[in-house]
Structures are given as structure tokens and as C-alpha cells.
Amino acid sequence: MFALKFASLFILAYLIGSFPTGVLVGKIFFHKDIRKYGSGNIGTTNTFRVLGPLAGIIVFLVDFFKGTIATLLPVLFHLGPHYLSLIFGLAAILGHAFPIFLKFKGGKAVATSAGFLLGYNVHFFLICAVIFFPILFITSMVSLTSLISVVLIFIASLFFHDLALSIISGLLVVLIYWSHRSNIIRLKHHQENMVPFGLYYWYYKKHH
């Protein structure tokens, strides 16, 4: 019984993560396939860039809460120990990165990962936010911020003495770096896109 319930909820978590928010918002409201514009990514940053701030906020919120809802599935269905939430959160993250609805070509899963952290441990999520947003303000680049933050978040997880959390945080480091391969190349060549705020953005605008 437990195995059947676990498997069913795991599949549900993956399908929740696979929900292609950016593609649907683009096609339904803007008649655009976001995969053919900008970076071609289906996530928040490219949605902001291609479809505007309102669409970007909607995509972020849906992708964020995909992670939260999936993480809370074992709690909602009284499945078992709290650490199981990590497994279901990871299923949603994998669903976003490799969605079955888009031939397994998805987004970078940053928003969904953040939602997963909120669902698992609110205090840890707040620490992650304190890490992420100042770095974004300094670098003006979501990709670079994500790459730096995920390593610091993994280090922070070690102080919570939660082995399962540290293992999943370590897996997130691998996934985020893997999904940002093209961004790393652009960063090396100083060609990465910036958000229109922050210290580096203002410095760049002043000197170019």
C-alpha cells in the first residue's frame, strides 16, 4: 500500500513540475512560443525578457509554487517522515528540467527549486533568499547569481544537521550547473544577459 501511494504521488509530483507554464502563457496570451525567442528557455528570466514583467511574474509564481505543492504532497496525504518531502520536491524539479510535455527539454528549475525549499523548511528558505537577492543586486545576472547561490546554499544546509537536506542541496548544485551550461559559456565570453537593475548593470551602463 505504501509503495503504491509513494509511486503515485512521486509521478504526480513529477507531472506538477512538468507543467509548462512559460510555454502556455506565451501561446495562450501572446501567441508566441517562448522557446523561439531570447535564450529559448521556458523559465522566468526569458519570459520577463520576451513577454514582459506581468507574464514573467505569473510564470515565476506558478513555477515557484509547483515546487512547494509537490514538496508538500507527502504531508497532505499523510505519507510518512518529513524527509520524504525532499524526494517529491526533487521530482518536481526534475519535472521542470525534463518535462514530459515538452519532450524532456525544460527550464533551469531555479524558481521551482526555491519553491521546494519553502515547502520543506521555511527557515532554510529565508536564509536562501538572504543569500540570493543581495548577490543578484551585485551581479545583475540571474544565471551567475544562481550558480553562486546554489553552492552557498549547499554549504548553509550543512549547518542544519539534516543529512537528507544536504544530499538534495548537493544534487541541486549538480543540476543547476548542468542546466546552466550555455550560461557559463556566455559568462566566460562576457555575453550574458543582465537584469535592468543592480550594481553591475549600473556600472556597465555608465561605462558603455
# chains A, B, ... in the order shown; residues from 1 in each chain; ligands from 1

call {"tool": "residues_around", "arguments": {"residues": "A:Phe60", "least_positions_apart": "6", "cutoff": "9 Å", "atoms": "only C-alpha atoms", "output": "JSON, numbers by chain"}}
result
{"A": [21, 22, 43, 44, 45, 47, 111, 112]}

call {"tool": "closest_atom_pairs", "arguments": {"of": "stretch 31-125 of chain A", "to": "stretch 178-192 of chain A", "cutoff": "10 Å", "atoms": "only C-alpha atoms", "output": "Markdown table"}}
result
| residue | atom | partner | partner_atom | distance |
| --- | --- | --- | --- | --- |
| A:Ser39 | CA | A:Ser182 | CA | 9.5 |
| A:Ala97 | CA | A:Ser179 | CA | 7.8 |
| A:Gly106 | CA | A:Ser179 | CA | 9.3 |
| A:Gly107 | CA | A:Ser179 | CA | 7.7 |
| A:Lys108 | CA | A:Ser179 | CA | 5.3 |
| A:Ala109 | CA | A:Ser179 | CA | 8.2 |
| A:Val110 | CA | A:Ser179 | CA | 9.7 |

call {"tool": "residues_around", "arguments": {"residues": "A:Val150", "least_positions_apart": "3", "cutoff": "9 Å", "atoms": "only C-alpha atoms", "output": "PyMOL selection string"}}
result
chain A and resi 128+132+145-147+153-155+169-170+172-173+176-177

call {"tool": "atom_distance", "arguments": {"atom1": "atom CA of A:Ile100", "atom2": "atom CA of A:Ala13"}}
result
12.4 Å

call {"tool": "atom_distance", "arguments": {"atom1": "atom CA of A:Asp162", "atom2": "atom CA of A:Tyr83"}}
result
9.0 Å

call {"tool": "closest_residue", "arguments": {"among": "A:Asn193, A:Ala156, A:Phe65, A:Leu118", "to": "A:Asn46", "atoms": "only C-alpha atoms"}}
result
A:Asn193

call {"tool": "atom_distance", "arguments": {"atom1": "atom CA of A:Ile127", "atom2": "atom CA of A:Ser157"}}
result
9.7 Å

call {"tool": "select_by_dssp", "arguments": {"residues": "stretch 26-202 of chain A", "states": "helix (DSSP H, G or I)", "output": "PyMOL selection string"}}
result
chain A and resi 26-29+34-36+44-51+53-76+84-97+100-102+110-120+122-139+142-160+163-179+181-188+199-202

call {"tool": "closest_residue", "arguments": {"among": "A:Leu86, A:Leu102, A:Met141, A:Leu73", "to": "A:Asn41", "atoms": "only C-alpha atoms"}}
result
A:Leu102

call {"tool": "residues_around", "arguments": {"residues": "A:Phe88", "least_positions_apart": "6", "cutoff": "8 Å", "atoms": "only C-alpha atoms", "output": "PyMOL selection string"}}
result
chain A and resi 9-10+13-14+70-74

call {"tool": "write_last_selection", "arguments": {"atoms": "N, CA and C atoms", "output": "mmCIF file, in the first residue's frame"}}
result
data_model
loop_
_atom_site.group_PDB
_atom_site.id
_atom_site.type_symbol
_atom_site.label_atom_id
_atom_site.label_comp_id
_atom_site.auth_asym_id
_atom_site.auth_seq_id
_atom_site.Cartn_x
_atom_site.Cartn_y
_atom_site.Cartn_z
ATOM 1 N N LEU A 9 2.215 9.329 -5.895
ATOM 2 C CA LEU A 9 2.499 10.719 -5.538
ATOM 3 C C LEU A 9 3.795 11.210 -6.182
ATOM 4 N N PHE A 10 4.762 10.312 -6.334
ATOM 5 C CA PHE A 10 6.020 10.690 -6.989
ATOM 6 C C PHE A 10 5.755 11.075 -8.447
ATOM 7 N N ALA A 13 4.038 14.414 -8.479
ATOM 8 C CA ALA A 13 4.995 15.494 -8.239
ATOM 9 C C ALA A 13 5.773 15.823 -9.510
ATOM 10 N N TYR A 14 6.188 14.776 -10.222
ATOM 11 C CA TYR A 14 6.909 14.984 -11.484
ATOM 12 C C TYR A 14 6.021 15.693 -12.501
ATOM 13 N N ALA A 70 4.396 20.264 -4.734
ATOM 14 C CA ALA A 70 4.936 18.906 -4.874
ATOM 15 C C ALA A 70 5.637 18.462 -3.588
ATOM 16 N N THR A 71 6.373 19.377 -2.972
ATOM 17 C CA THR A 71 7.096 19.071 -1.740
ATOM 18 C C THR A 71 6.151 18.741 -0.593
ATOM 19 N N LEU A 72 4.981 19.355 -0.600
ATOM 20 C CA LEU A 72 4.011 19.152 0.483
ATOM 21 C C LEU A 72 3.099 17.948 0.261
ATOM 22 N N LEU A 73 3.218 17.274 -0.871
ATOM 23 C CA LEU A 73 2.342 16.132 -1.166
ATOM 24 C C LEU A 73 2.353 15.061 -0.066
ATOM 25 N N PRO A 74 3.524 14.637 0.426
ATOM 26 C CA PRO A 74 3.507 13.611 1.478
ATOM 27 C C PRO A 74 2.875 14.092 2.784
#

call {"tool": "residues_around", "arguments": {"residues": "A:Phe48", "least_positions_apart": "3", "cutoff": "12 Å", "atoms": "only C-alpha atoms", "output": "NGL selection string"}}
result
:A and (22 or 25-26 or 34 or 37-39 or 41-45 or 51-60 or 142 or 193-196)

call {"tool": "residues_around", "arguments": {"residues": "A:Gly67", "least_positions_apart": "3", "cutoff": "8 Å", "atoms": "only C-alpha atoms", "output": "list in words"}}
result
Gly17, Asp63, Phe64, Ala70, Thr71, Gly89, Ala92, Ile93, Ala111, Thr112, Ser113, Ala114, Gly115, Phe116, Leu117 and Gly119 of chain A
